[in-house]
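Following: one structure in structure tokens, then a few remarks.
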Amino acid sequence: MIELPSRYNPQETEDKWYQEWEEKKRFAARPVSGKTPYTIVIPPPNVTGILHMGHALNNTIQDILIRYHRARGCEALWMPGTDHAGIATQNVVERKLAKDGRKRQDLGREKFIEEVWKWKEEYGSTIIRQLKKLGASCDWDRTRFTMDDEYSDAVKEVFVRLYEKGLIYQGHRIINWCPRCQTALADEEAPHHDLKGNLYYLKYPYKDDPDDFVVVATTRPETMLGDTAVAVNPKDRRYKKSIGRKLVLPLVNREIEVIADESVDMKFGTGAVKITPAHDPNDYVTGKKHDLEFVNIFHPDARINENGGEYKDMDRFEAREVIIEDLKEQGFLEKIEPHDLSAGHCYRCHTIIEPYLSKQWFVKMQPLSVPATAAVKTGRIKFHPDRWTKVYLNWMENIQDWCISRQIWWGHRIPVYYCADCREKGKAGVHVSRTTVQKCPECGSSRVTQDNDVLDTWFSSWLWPFATFGWPKETRTDNAGTVHNVAEDLGYFYPTSALSTASEIIFFWVARMIMAGFEFMADIPFKDVYIHGTVRDIEGRKMSKSLGNIIDPLEIIKEYGTDALRFSLISITSQGQDVYLSKERFEQGRNFANKMWNASRFVLMNLEPSAAKTDLCVFFKKEDLSLPNRWILSRFYSTLKELDTYLNSYRFNEAANLLYHFFWHEFCDWYLEIIKPDIKDPRNQVVMYKILEKYMRAMHPFMPFITEEIWHYLAPEAGSIMDQPWPHVQGQIIDKKVEKQFDTAVNVITAIRNMRSELEIAPAQAVEAVIANTSRQSRDLLTGIAPHITFLARLSRLAIQEKQQHHPSSVTTVVGDSHISILLEGIVDIDKEKKKLDAKISRAQADIKAKENMLANKAFVERAKPEVVENERTKLSQLKETLTKLQGVKHALR
RNA sequence: GGGCUCAUAGCUCAGUUGGUUAGAGCGUUGCGUUGACAUCGCAAAGGUCAGAGGUUCAAGUCCUCUUGGGCCCACCA
């Protein structure tokens with residue numbers, strides 16, 4: 001007999017168990033011959049990250065998968081780590097410097113990087129600590145950081161290989177430029193958002209006829225400073241005479257020509273478009289085609305540069321205002337119309353990006369995309385839910401080259417070296433190298449400098465599924481000093497089993513990992529990709545700091561417990577659908593944890609020590625178990641069977657709700673209640689104990705802490721619940737007939753409770769009931785469960801008989817093939833009862849009519865599956881029987 | 001412009017080969033502490049499954065369209 005406190009206290013237990021698991025290295029995984037590997041690599045959170053609900057959800061999902069497979073006997077490895085997150089981290093440290101009025105330029109590159117490392121050492125493990133709070137069972141000794149020396153070597157290796165293969169090249173072209181971060185961005189890093197803007201109609205006068213002009217329409221009038229042509233469609237009659245004529249660009253007085261180009265949409269604006277080759281991707285193409293001049297008008301921070309004449313040093317938006325004022329004053333502005341447009345925004349700081357002409361490094365993606373496309377098309381890699389396949393393939397099939405150079409300091413510096421001497425002699429002087437180049441390998445000069453740019457963060461993360469293992473080295477020494485054989489690890493754990501992430505990251509990361517997997521490992525990086533929904537607030541908005549609608553998972557953990565957080569999140573995450581969250585949602589998880597706690601408390605209070613040691617088979621083989629016992633065993637294994645199905649198809653919410661329903665509404669509400677009077681019966685003892693302890697094992701992946709805690713009360717000498725095997729389905733115990741029989745008991749008890757409630761009979765007052773049933777079999781069944789009915793329906797006496805007889809002052813209802821009457825000495829409102837009966841009778845009559853129509857339908861009887869028709873026939877006869885009985889009851893009431 | 005997704009109880013949502021009486025949590029109402037649990041129990045009310053059409057013996061589920069949300073992609077000057 002063990003006494004537990006009546007309330008579960010997560011705070012006390014969670015840290016205790018996590019510490020224990022970690023100390024005993026329970027999450028460590030090694031290649032073990034004969035064991036099936038199961039691997040997940042964590043989507044590395046940014047070092048600057050703090051745990052938000054998206055993390056909480058995603059990592060709970062991964063932890064469930066890992067713990068589930070670990071329990072099922074797999075060697076489960078969850079590879080952890082963090083991402084250096086170039087721009088994001090640099091911004092954080094810059095902001096910190098700004099508080100002291102300093103800029104990174106004041107420190108210089110080296111000192112600044114030192115600052116970032118210092119910051120990383122101090123705060124970089126925050127997110128890891130928080131993942132531990134969440135219960136994440138990662139193999140922490142293997143924790144990787146994308147800027148680790150070894151990992152950096154992998155990045156260099158990859159750069160050099162791709163360069164040597166001709167897949168990396170330097171190009172001078174228009175890229176997405178963030179004027180605030182002052183760096184180039186990849187297309188994916190500059191998502192388009194709608195803006196309310198204007199369409200400005202500008203008049204460009206002809207050189208030879210200043211009173212006449214061409215009107216161009218633009219949304220970015222300030223770029224006119226860089227115009228070097230005006231284009232019209234050659235088919236456009238309005239401008240037939242204009243082609244080839246010179247215009248004078250207002251404000252700057254540059255002579256520009258009217259050129260003809262088919263790409264011009266005659267229907268848009270005036271049909272004449274100003275061409276700014278240095279500041280618009282389309283104009284760039286046109287500029288190349290027509291050999292136009294490229295005039296860059298912006299400083300890197302998007303202020304106007306010396307090419308902008310008197311507008312020099314003005315910010316782009318200020319310049320826009322002033323230029324419009326000036327054009328207006330000088331008579332060059334025709335009109336302004338409101339116009340909705342969309343523009344790229346920096347994904348790190350949300351500044352509107354500026355298309356900017358510059359020299360950058362690119363990866364040629366098309367060749368890499370070929371096997372990556374095929375792998376998904378053939379189903380070697382599967383997306384869950386499946387609809388993301390299309391999104392992925394669509395992107396892959398339209399893939400663009402990837403701009404990988406960033407003009408920031410924090411990141412992997414591009415392993416390209418330039419020899420000044422060679423360059424002076426007119427040679428290329430470009431050397432790409434895995435190691436630092438100090439002397440020019442061609443001329444021996446020491447006037448060698450490394451490229452100033454660093455690589456896109458994703459250029460390191462795309463190697464995550466194999467570089468974390470130590471690729472391309474032979475060994476990897478982990479954080480605890482253990483040396484791992486890289487080839488052996490990769491041979492065993494790679495390709496990984498599943499990847500769980502958010503949809504936002506499919507292009508950034510998932511797609512690129514698949515390409516890198518094929519390019520460098522000649523194999524897929526993972527088999528299944530699970531895409532979970534976005535966590536939103538209750539109004540459907542994304543959670544963000546600026547909106548102030550964040551629900552902090554750590555606060556929920558503090559208030560409700562980690563298990564409650566995990567369970568609540570999982571139970572509302574259906575099939576990658578977005579999750580709308582309010583704080584109250586977590587009460588469900590907390591209440592459930594408490595329910596588990598109290599049910600366990602109840603079992604332990606009533607448990608004889610011998611029960612835990614008795615093998616279930618002893619009784620089961622004898623077939624002498626009571627119906628409730630056979631029922632709960634069957635229900636447990638049915639539940640377990642379904643649980644496997646759900647988990648293997650990534651239907652986490654259904655899995656969670658299944659476990660919830662079984663425990664609360666079957667095990668607690670019915671089973672424990674029904675065995676209460678005979679709880680000391682050895683068979684009940686064994687069954688309730690076995691169900692509870694097996695349930696804890698099945699529940700452990702979802703709620704690791706409370707299950708471990710309860711486990712130690714249930715089996716104090718058995719060690720951790722993590723050592724326990726998964727409770728495999730015992731198919732021979734599942735008995736649908738037994739389940740159905742028990743349903744009869746439930747229905748009878750519910751019916752009596754119903755009557756009691758409707759008649760307002762006090763719960764404490766026992767009543768006498770009579771059940772009449774003409775079927776011998778049914779009577780036998782009812783007789784067997786009579787004591788349970790008596791107990792749970794609070795009866796003073798229960799008679800089971802063949803024939804219905806009229807009792808004065810009684811109320812009767814019909815359940816299945818049974819007539820149930822309760823006898824009342826007190827006053828019953830006959831009229832009220834009659835009305836209720838009438839309602840039931842007309843309902844039954846309507847149902848009978850519907851069924852009869854259905855069965856009279858020749859098409860149905862002929863075409864529907866025979867068992868369906870048979871089923872309907874049975875139901876009809878049952879309904880008719882019920883009706884007869886109801887009518888009999890009504891008659892008796894008179 | 002292309003694509004995806006959602007619309008089911010007062011609220012938030014489940015509902016996977018189309019087949020009994022469409023479920024849960026929260027909320028609401030009534031009754032209740034018989035010592036596992038008031039973070040609880042027993043019961044009740046509440047749904048023309050957005051609208052229209054179609055396929056089918058049978059549609060919340062499949063198809064088409066409409067309406068209204070949300071999201072993603074796209075070089076819409």
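Residues in the structure tokens are named by chain (A, B, ... in the order shown) and by number from 1 within that chain; ligands are numbered from 1 in the order shown.
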Would you list the contacts of A52 of chain B as a PyMOL selection string, taking every protein, DNA or RNA residue within 12 Å and counting only C-alpha atoms (C1' of nucleotides), but skipping same-chain residues closer than 4 positions in sequence? chain B and resi 64-67
Those same residues - N, CA, C and O atoms (P, O5', C5', C4', C3', O3' and C1' of nucleotides) - I'd like them written as a tab-separated table (two decimals), in the first residue's frame.
chain	number	residue	atom	x	y	z
B	64	U	P	-13.11	19.12	-59.12
B	64	U	O5'	-14.38	19.86	-59.73
B	64	U	C5'	-14.62	19.85	-61.13
B	64	U	C4'	-15.86	20.65	-61.43
B	64	U	C3'	-15.89	22.04	-60.81
B	64	U	O3'	-15.17	22.98	-61.59
B	64	U	C1'	-17.96	20.96	-60.41
B	65	C	P	-14.48	24.20	-60.85
B	65	C	O5'	-15.72	25.14	-60.53
B	65	C	C5'	-16.42	25.78	-61.60
B	65	C	C4'	-17.73	26.33	-61.09
B	65	C	C3'	-17.61	27.39	-60.00
B	65	C	O3'	-17.33	28.67	-60.54
B	65	C	C1'	-19.27	25.82	-59.38
B	66	U	P	-16.60	29.75	-59.63
B	66	U	O5'	-17.76	30.13	-58.60
B	66	U	C5'	-18.94	30.80	-59.04
B	66	U	C4'	-19.84	31.09	-57.86
B	66	U	C3'	-19.15	31.81	-56.70
B	66	U	O3'	-19.10	33.21	-56.92
B	66	U	C1'	-20.39	29.99	-55.85
B	67	U	P	-17.91	34.05	-56.29
B	67	U	O5'	-18.32	34.08	-54.76
B	67	U	C5'	-19.55	34.69	-54.35
B	67	U	C4'	-19.76	34.48	-52.87
B	67	U	C3'	-18.56	34.85	-51.99
B	67	U	O3'	-18.49	36.25	-51.77
B	67	U	C1'	-19.41	32.76	-51.30
Please tabulate, as a tab-separated table, the residues of chain B that come within 10 Å of chain A, each with its closest pair of atoms and the distance in Å to one decimal, counting only C-alpha atoms (C1' of nucleotides) and ordering rows by chain, then residue number upward.
residue	atom	partner	partner_atom	distance
B:G3	C1'	A:Val391	CA	8.0
B:C4	C1'	A:Arg387	CA	7.8
B:U5	C1'	A:Gln577	CA	8.6
B:C6	C1'	A:Gln577	CA	9.3
B:U12	C1'	A:Tyr580	CA	7.4
B:C13	C1'	A:Ile572	CA	7.4
B:A14	C1'	A:Ser574	CA	7.9
B:G19	C1'	A:Val868	CA	7.0
B:U20	C1'	A:Glu872	CA	8.2
B:U21	C1'	A:Asp847	CA	9.8
B:A24	C1'	A:Asn657	CA	8.3
B:G25	C1'	A:Gln588	CA	7.1
B:C26	C1'	A:Arg585	CA	8.0
B:G30	C1'	A:Ser757	CA	8.8
B:C31	C1'	A:Ser757	CA	7.6
B:G32	C1'	A:Pro763	CA	6.9
B:U34	C1'	A:Ala764	CA	7.8
B:A36	C1'	A:Phe602	CA	4.0
B:C37	C1'	A:Asn598	CA	5.2
B:U39	C1'	A:Asn591	CA	4.6
B:C40	C1'	A:Lys595	CA	8.9
B:G41	C1'	A:Asp669	CA	8.8
B:C42	C1'	A:Arg753	CA	7.6
B:A43	C1'	A:Ser757	CA	6.0
B:A44	C1'	A:Glu758	CA	8.9
B:C57	C1'	A:Phe860	CA	3.4
B:A58	C1'	A:Phe860	CA	7.8
B:G70	C1'	A:Gly540	CA	8.1
B:C72	C1'	A:Val391	CA	8.5
B:C73	C1'	A:Trp395	CA	8.2
B:A74	C1'	A:His192	CA	9.9
B:C75	C1'	A:Asn282	CA	5.3
B:C76	C1'	A:Leu341	CA	7.4
B:A77	C1'	A:Thr218	CA	5.5
Those same residues, written as a PDB file, in the first residue's frame with C-alpha atoms (C1' of nucleotides)?
ATOM      1  C1'   G B   3      -1.203  26.608 -56.555  1.00  0.00           C
ATOM      2  C1'   C B   4      -2.516  25.014 -51.605  1.00  0.00           C
ATOM      3  C1'   U B   5      -5.775  25.144 -47.506  1.00  0.00           C
ATOM      4  C1'   C B   6     -10.033  26.031 -44.402  1.00  0.00           C
ATOM      5  C1'   U B  12     -11.499  25.751 -30.780  1.00  0.00           C
ATOM      6  C1'   C B  13     -11.329  21.651 -33.611  1.00  0.00           C
ATOM      7  C1'   A B  14     -11.443  15.722 -34.779  1.00  0.00           C
ATOM      8  C1'   G B  19     -22.032   2.691 -45.234  1.00  0.00           C
ATOM      9  C1'   U B  20     -25.245   2.239 -37.946  1.00  0.00           C
ATOM     10  C1'   U B  21     -27.822   7.291 -34.180  1.00  0.00           C
ATOM     11  C1'   A B  24     -13.890  15.585 -28.353  1.00  0.00           C
ATOM     12  C1'   G B  25     -12.086  19.586 -25.255  1.00  0.00           C
ATOM     13  C1'   C B  26     -13.708  24.074 -23.327  1.00  0.00           C
ATOM     14  C1'   G B  30     -29.172  20.315 -13.438  1.00  0.00           C
ATOM     15  C1'   C B  31     -27.664  17.040  -9.572  1.00  0.00           C
ATOM     16  C1'   G B  32     -23.695  15.289  -6.562  1.00  0.00           C
ATOM     17  C1'   U B  34     -20.329   6.848  -1.614  1.00  0.00           C
ATOM     18  C1'   A B  36      -8.279   8.038  -6.350  1.00  0.00           C
ATOM     19  C1'   C B  37      -9.202  12.688  -8.523  1.00  0.00           C
ATOM     20  C1'   U B  39      -7.388  19.725 -12.059  1.00  0.00           C
ATOM     21  C1'   C B  40     -13.543  15.293 -10.069  1.00  0.00           C
ATOM     22  C1'   G B  41     -18.276  12.347 -10.968  1.00  0.00           C
ATOM     23  C1'   C B  42     -23.316  11.480 -13.079  1.00  0.00           C
ATOM     24  C1'   A B  43     -26.641  13.454 -16.495  1.00  0.00           C
ATOM     25  C1'   A B  44     -28.772  17.314 -20.014  1.00  0.00           C
ATOM     26  C1'   C B  57     -28.248   2.118 -53.795  1.00  0.00           C
ATOM     27  C1'   A B  58     -25.804   5.475 -50.134  1.00  0.00           C
ATOM     28  C1'   G B  70      -5.917  31.998 -44.396  1.00  0.00           C
ATOM     29  C1'   C B  72       2.501  29.960 -50.612  1.00  0.00           C
ATOM     30  C1'   C B  73       4.703  30.794 -55.354  1.00  0.00           C
ATOM     31  C1'   A B  74       5.357  34.363 -59.750  1.00  0.00           C
ATOM     32  C1'   C B  75      10.688  39.347 -63.141  1.00  0.00           C
ATOM     33  C1'   C B  76       1.965  42.890 -62.169  1.00  0.00           C
ATOM     34  C1'   A B  77       7.106  48.723 -64.872  1.00  0.00           C
TER      35        A B  77
END
One decimal place gives the atom CA of His299 of chain A-atom CA of Ala186 of chain A separation as 19.9 Å
If you run DSSP on the backbone here, which positions in segment 232-322 of chain A get strand (DSSP E or B)? Please write them as number ranges by chain. A: 232, 246-248, 255-260, 272-275, 298, 303-304, 315
Residue subset to file, keeping N, CA, C and O atoms, as a PDB file, in the first residue's frame:
ATOM      1  N   VAL A 232       9.389  50.414 -75.515  1.00  0.00           N
ATOM      2  CA  VAL A 232       8.000  50.259 -75.934  1.00  0.00           C
ATOM      3  C   VAL A 232       7.901  48.966 -76.728  1.00  0.00           C
ATOM      4  O   VAL A 232       8.911  48.430 -77.187  1.00  0.00           O
ATOM      5  N   LYS A 246      15.593  60.173 -79.378  1.00  0.00           N
ATOM      6  CA  LYS A 246      16.239  60.436 -78.090  1.00  0.00           C
ATOM      7  C   LYS A 246      15.313  61.223 -77.163  1.00  0.00           C
ATOM      8  O   LYS A 246      14.534  62.065 -77.608  1.00  0.00           O
ATOM      9  N   LEU A 247      15.444  60.891 -75.883  1.00  0.00           N
ATOM     10  CA  LEU A 247      14.707  61.631 -74.872  1.00  0.00           C
ATOM     11  C   LEU A 247      15.717  62.278 -73.943  1.00  0.00           C
ATOM     12  O   LEU A 247      16.861  61.831 -73.854  1.00  0.00           O
ATOM     13  N   VAL A 248      15.277  63.305 -73.266  1.00  0.00           N
ATOM     14  CA  VAL A 248      16.155  63.898 -72.258  1.00  0.00           C
ATOM     15  C   VAL A 248      15.578  63.551 -70.891  1.00  0.00           C
ATOM     16  O   VAL A 248      14.438  63.898 -70.574  1.00  0.00           O
ATOM     17  N   GLU A 255      20.830  61.864 -71.990  1.00  0.00           N
ATOM     18  CA  GLU A 255      20.124  61.505 -73.222  1.00  0.00           C
ATOM     19  C   GLU A 255      19.877  60.006 -73.215  1.00  0.00           C
ATOM     20  O   GLU A 255      20.800  59.216 -73.045  1.00  0.00           O
ATOM     21  N   ILE A 256      18.645  59.638 -73.384  1.00  0.00           N
ATOM     22  CA  ILE A 256      18.348  58.198 -73.462  1.00  0.00           C
ATOM     23  C   ILE A 256      17.481  57.946 -74.682  1.00  0.00           C
ATOM     24  O   ILE A 256      16.791  58.836 -75.171  1.00  0.00           O
ATOM     25  N   GLU A 257      17.528  56.681 -75.150  1.00  0.00           N
ATOM     26  CA  GLU A 257      16.851  56.365 -76.396  1.00  0.00           C
ATOM     27  C   GLU A 257      15.565  55.603 -76.150  1.00  0.00           C
ATOM     28  O   GLU A 257      15.443  54.875 -75.157  1.00  0.00           O
ATOM     29  N   VAL A 258      14.607  55.758 -77.041  1.00  0.00           N
ATOM     30  CA  VAL A 258      13.411  54.918 -76.993  1.00  0.00           C
ATOM     31  C   VAL A 258      13.725  53.658 -77.779  1.00  0.00           C
ATOM     32  O   VAL A 258      14.070  53.729 -78.955  1.00  0.00           O
ATOM     33  N   ILE A 259      13.673  52.524 -77.092  1.00  0.00           N
ATOM     34  CA  ILE A 259      14.012  51.261 -77.758  1.00  0.00           C
ATOM     35  C   ILE A 259      12.764  50.396 -77.860  1.00  0.00           C
ATOM     36  O   ILE A 259      11.772  50.618 -77.157  1.00  0.00           O
ATOM     37  N   ALA A 260      12.829  49.406 -78.729  1.00  0.00           N
ATOM     38  CA  ALA A 260      11.685  48.509 -78.916  1.00  0.00           C
ATOM     39  C   ALA A 260      11.998  47.155 -78.296  1.00  0.00           C
ATOM     40  O   ALA A 260      13.088  46.608 -78.484  1.00  0.00           O
ATOM     41  N   ALA A 272       4.718  52.493 -72.233  1.00  0.00           N
ATOM     42  CA  ALA A 272       6.133  52.864 -72.329  1.00  0.00           C
ATOM     43  C   ALA A 272       6.754  52.657 -70.952  1.00  0.00           C
ATOM     44  O   ALA A 272       6.186  53.075 -69.942  1.00  0.00           O
ATOM     45  N   VAL A 273       7.880  51.983 -70.923  1.00  0.00           N
ATOM     46  CA  VAL A 273       8.468  51.689 -69.626  1.00  0.00           C
ATOM     47  C   VAL A 273       9.891  52.220 -69.542  1.00  0.00           C
ATOM     48  O   VAL A 273      10.696  52.067 -70.473  1.00  0.00           O
ATOM     49  N   LYS A 274      10.175  52.859 -68.424  1.00  0.00           N
ATOM     50  CA  LYS A 274      11.531  53.360 -68.194  1.00  0.00           C
ATOM     51  C   LYS A 274      12.435  52.180 -67.876  1.00  0.00           C
ATOM     52  O   LYS A 274      12.016  51.238 -67.189  1.00  0.00           O
ATOM     53  N   ILE A 275      13.618  52.195 -68.338  1.00  0.00           N
ATOM     54  CA  ILE A 275      14.544  51.076 -68.141  1.00  0.00           C
ATOM     55  C   ILE A 275      15.694  51.505 -67.232  1.00  0.00           C
ATOM     56  O   ILE A 275      16.442  52.439 -67.548  1.00  0.00           O
ATOM     57  N   PHE A 298      22.703  53.756 -56.057  1.00  0.00           N
ATOM     58  CA  PHE A 298      22.587  53.602 -54.592  1.00  0.00           C
ATOM     59  C   PHE A 298      23.904  53.264 -53.917  1.00  0.00           C
ATOM     60  O   PHE A 298      24.707  52.486 -54.432  1.00  0.00           O
ATOM     61  N   ARG A 303      21.054  54.764 -49.802  1.00  0.00           N
ATOM     62  CA  ARG A 303      21.030  56.208 -50.006  1.00  0.00           C
ATOM     63  C   ARG A 303      21.517  56.443 -51.425  1.00  0.00           C
ATOM     64  O   ARG A 303      22.241  55.626 -51.989  1.00  0.00           O
ATOM     65  N   ILE A 304      21.137  57.578 -52.007  1.00  0.00           N
ATOM     66  CA  ILE A 304      21.555  57.877 -53.369  1.00  0.00           C
ATOM     67  C   ILE A 304      23.062  58.165 -53.395  1.00  0.00           C
ATOM     68  O   ILE A 304      23.582  58.853 -52.502  1.00  0.00           O
ATOM     69  N   ASP A 315      18.167  59.312 -48.468  1.00  0.00           N
ATOM     70  CA  ASP A 315      17.610  57.964 -48.385  1.00  0.00           C
ATOM     71  C   ASP A 315      16.669  57.752 -49.565  1.00  0.00           C
ATOM     72  O   ASP A 315      16.052  58.699 -50.068  1.00  0.00           O
TER      73      ASP A 315
END
Can you pull out the residues contacting Leu162 of chain A? Cut-off 12 Å, using only C-alpha atoms (C1' of nucleotides), and skip same-chain residues under 3 positions away; I want them as a count of residues only. 23
Apply DSSP to the structure's backbone, then extract all residues of segment 268-492 of chain A labelled alpha helix (DSSP H) and return them as number ranges by chain. A: 281-289, 316-329, 366-377, 387-397, 420-424, 458-461, 464-467, 486-492
Just want the 10 Å neighbourhood of Leu463 of chain A, counted on only C-alpha atoms (C1' of nucleotides), with same-chain residues fewer than 5 positions away dropped. Output as a VMD selection string. chain A and resid 146 151 154 to 155 158 458 468 471 509 512 to 517 520 to 521 525
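The environment of segment 721-728 of chain A within 6 Å, counting only C-alpha atoms (C1' of nucleotides) and disregarding residues fewer than 3 places along the same chain, consists of Ala71, Arg72, Lys694 and Glu708 of chain A.
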Pull C-alpha atoms from the residues just selected and write them as a PDB file, in the first residue's frame.
ATOM      1  CA  ALA A  71      10.930   1.606 -26.875  1.00  0.00           C
ATOM      2  CA  ARG A  72      10.099  -0.584 -29.830  1.00  0.00           C
ATOM      3  CA  LYS A 694       1.569  -1.158 -19.732  1.00  0.00           C
ATOM      4  CA  GLU A 708       8.512   7.716 -15.410  1.00  0.00           C
TER       5      GLU A 708
END
Report as a VMD selection string all protein, DNA and RNA residues lying within 12 Å of U55 of chain B, evaluated on only C-alpha atoms (C1' of nucleotides), omitting residues in the same chain fewer than 5 positions from it. chain B and resid 18 62 to 64
Taking 5 positions as the minimum chain separation for residues in the same chain, which residues sit within 12 Å of segment 118-127 of chain A when counting only C-alpha atoms (C1' of nucleotides)? Answer as an MDAnalysis selection string. chainID A and resid 44:52 55:56 59 80:85 89:97 111:113 132:134 136 140 143:145 147:148 410 554
